[in-house]
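Colleague: Once you've had a glance at the structure underneath, I'll fire off some questions.
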Amino acid sequence: MRIDLHAHSNVSDGTDTPSELIAAAVAAGLDVVALTDHDTVAGHAEAAAALRALPPGRRPTLVPGAELSCRVEGISMHLLAYLFDPAEPEFARERELVRTDRFRRGQAVVERCRELGAPITWEQVQRIAAGGSSVGRPHIASALVEAGVVKDVSAAFTTEWLANGGRADVPKHETDPAVAVRLVRAAGGVPVFAHPGADKRGRTVSDQVIADLAAAGLAGLEVDHIDHDEPARARLRTLAAELGLFTTGSSDYHGSRKTVRLGEFTTSPEAYQALLHQATGAKPID
């Protein structure tokens with residue numbers, strides 16, 4: 001089985017519509033794909049409809065999920081949440097709080113960029129986001145590329161511009177990860193720490209923080225990821241084994257906004273079954 005548990009649509013900061021993401025999953029030969037837009041479930045219905053429009057023999061399984069913005073000890077981190085009940089009120093309120101604060105933060109980052117000499121506008125960023133329900137830094141990065149300020153999206157994520165702690169960075173509301181783990185579990189979902197060793201993005205949390213999250217109900221670590229080199233993957237696999245966590249592999253696909261291909265990194269069937277075994281809030285869509 002080919003299983004990719006981390007992909008984004010243009011409902012957050014990807015470039016594919018949810019329907020196009022399903023088509024891309026078919027083209028990539030995936031058996032399972034997770035739609036994990038940032039802090040929102042707004043793309044799930046379209047993805048499910050696109051899936052059901054396919055002939056039965058060509059349908060991948062869709063795992064509904066979301067990627068949550070968290071912060072602990074001053075460090076930003078992301079938590080993947082799978083198969084939770086999207087209507088559970090406490091978790092829904094927190095996702096909405098984080099999502100709406102992205103707009104405030106996005107406007108402030110654009111203004112900071114303009115103060116630093118970048119000729120971009122909020123209207124331009126909204127056009128790039130194409131009506132997505134979650135506007136984020138990747139959309140601003142694309143605006144910087146359009147304006148000729150940086151050569152590509154990756155070049156925008158440095159301390160010169162948009163990286164955590166960078167000149168144009170502005171704090172946003174981020175959930176304490178222990179609280180996020182509790183909310184995901186209370187909604188019947190399964191929490192997995194996204195790209196925990198991605199130190200090129202900024203500071204990463206300590207092994208002790210991961211151990212504390214495991215004690216709070218964390219289920220797994222995303223290990224096979226484009227932002228992890230082989231030593232990081234080996235260290236994370238050892239840590240996961242020590243803590244009794246399963247490990248996943250995912251592309252973190254964003255369409256044309258990033259170079260990684262859908263299905264470039266995958267999850268083992270055993271880890272996928274472990275995830276399914278723990279989920280009580282929702283079921284995969286076939």
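Each chain of the structure tokens is named A, B, ... in the order shown, its residues numbered from 1; ligands are numbered from 1 in display order.
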Could you give me, as an NGL selection string, the residues within 6 Å of Glu46 (chain A), counting only C-alpha atoms and dropping anything in the same chain fewer than 3 positions from it?
Modeller: :A and (18 or 43 or 49)
Colleague: Within 10 Å of Gly189 (chain A), counting only C-alpha atoms, which residues show up once you throw out same-chain ones fewer than 4 positions away? Write them as a compact mmCIF listing (two decimals) with C-alpha atoms, in the first residue's frame, please.
Modeller:
```txt
# COMPACT_ATOMS: atom_id res chain seq x y z
CA GLY A 65 -7.55 15.56 9.12
CA LEU A 80 -1.47 16.59 12.71
CA ALA A 81 -4.94 15.49 13.81
CA TYR A 82 -6.67 12.58 12.07
CA LEU A 83 -10.20 11.18 12.07
CA PHE A 84 -11.65 13.47 14.74
CA ASP A 85 -15.30 14.52 14.99
CA PRO A 86 -15.28 17.93 13.24
CA VAL A 181 -3.46 16.71 22.10
CA ARG A 182 -6.24 16.68 24.70
CA LEU A 183 -8.68 18.40 22.32
CA VAL A 184 -7.91 15.97 19.49
CA ARG A 185 -8.33 12.96 21.75
CA ALA A 219 0.10 8.85 19.17
CA LEU A 275 -3.77 5.02 13.63
CA LEU A 276 -7.11 3.52 12.60
CA GLN A 278 -7.08 4.55 17.92
CA ALA A 279 -9.61 6.66 16.00
CA THR A 280 -13.19 6.93 17.27
CA GLY A 281 -14.31 10.35 16.01
CA ALA A 282 -14.61 9.68 12.28
CA LYS A 283 -13.90 7.00 9.69
```
Colleague: Which of these residues is nearest to Arg2 (chain A), using only C-alpha atoms: A:Val26, A:Asp16, A:Ala215, A:Ala87?
Modeller: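 The shortest atom-to-atom distance to Arg2 (chain A) comes from A:Val26.
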Colleague: What are the DSSP alpha helix (DSSP H) residues of region 162-279 of chain A, as a PyMOL selection string?
Modeller: chain A and resi 177-186+207-216+230-243+269-278
Colleague: Could you pull the residues within 8 Å of His228 (chain A), counting only C-alpha atoms, minus those fewer than 4 positions along the same chain, as a ChimeraX atom specification?
Modeller: /A:195,197-198,223-224,232-233
Colleague: Go ahead and save the picked residues with N, CA and C atoms, as a tab-separated table (two decimals), in the first residue's frame.
Modeller:
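That gives us selection-v4.tsv:
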```tsv
chain	number	residue	atom	x	y	z
A	195	HIS	N	6.61	16.75	11.33
A	195	HIS	CA	8.02	17.09	11.09
A	195	HIS	C	8.74	17.63	12.34
A	197	GLY	N	11.64	17.16	13.57
A	197	GLY	CA	13.07	17.45	13.48
A	197	GLY	C	13.42	18.43	12.39
A	198	ALA	N	12.44	19.24	11.94
A	198	ALA	CA	12.66	20.16	10.82
A	198	ALA	C	13.37	21.41	11.30
A	223	VAL	N	8.10	10.96	10.73
A	223	VAL	CA	9.55	10.77	10.65
A	223	VAL	C	10.08	10.95	9.24
A	224	ASP	N	9.48	10.23	8.27
A	224	ASP	CA	9.96	10.31	6.89
A	224	ASP	C	9.32	11.53	6.23
A	232	ALA	N	18.45	12.53	11.46
A	232	ALA	CA	17.25	12.98	12.18
A	232	ALA	C	16.20	11.87	12.18
A	233	ARG	N	16.04	11.20	11.06
A	233	ARG	CA	15.04	10.12	10.99
A	233	ARG	C	15.41	8.98	11.93
```
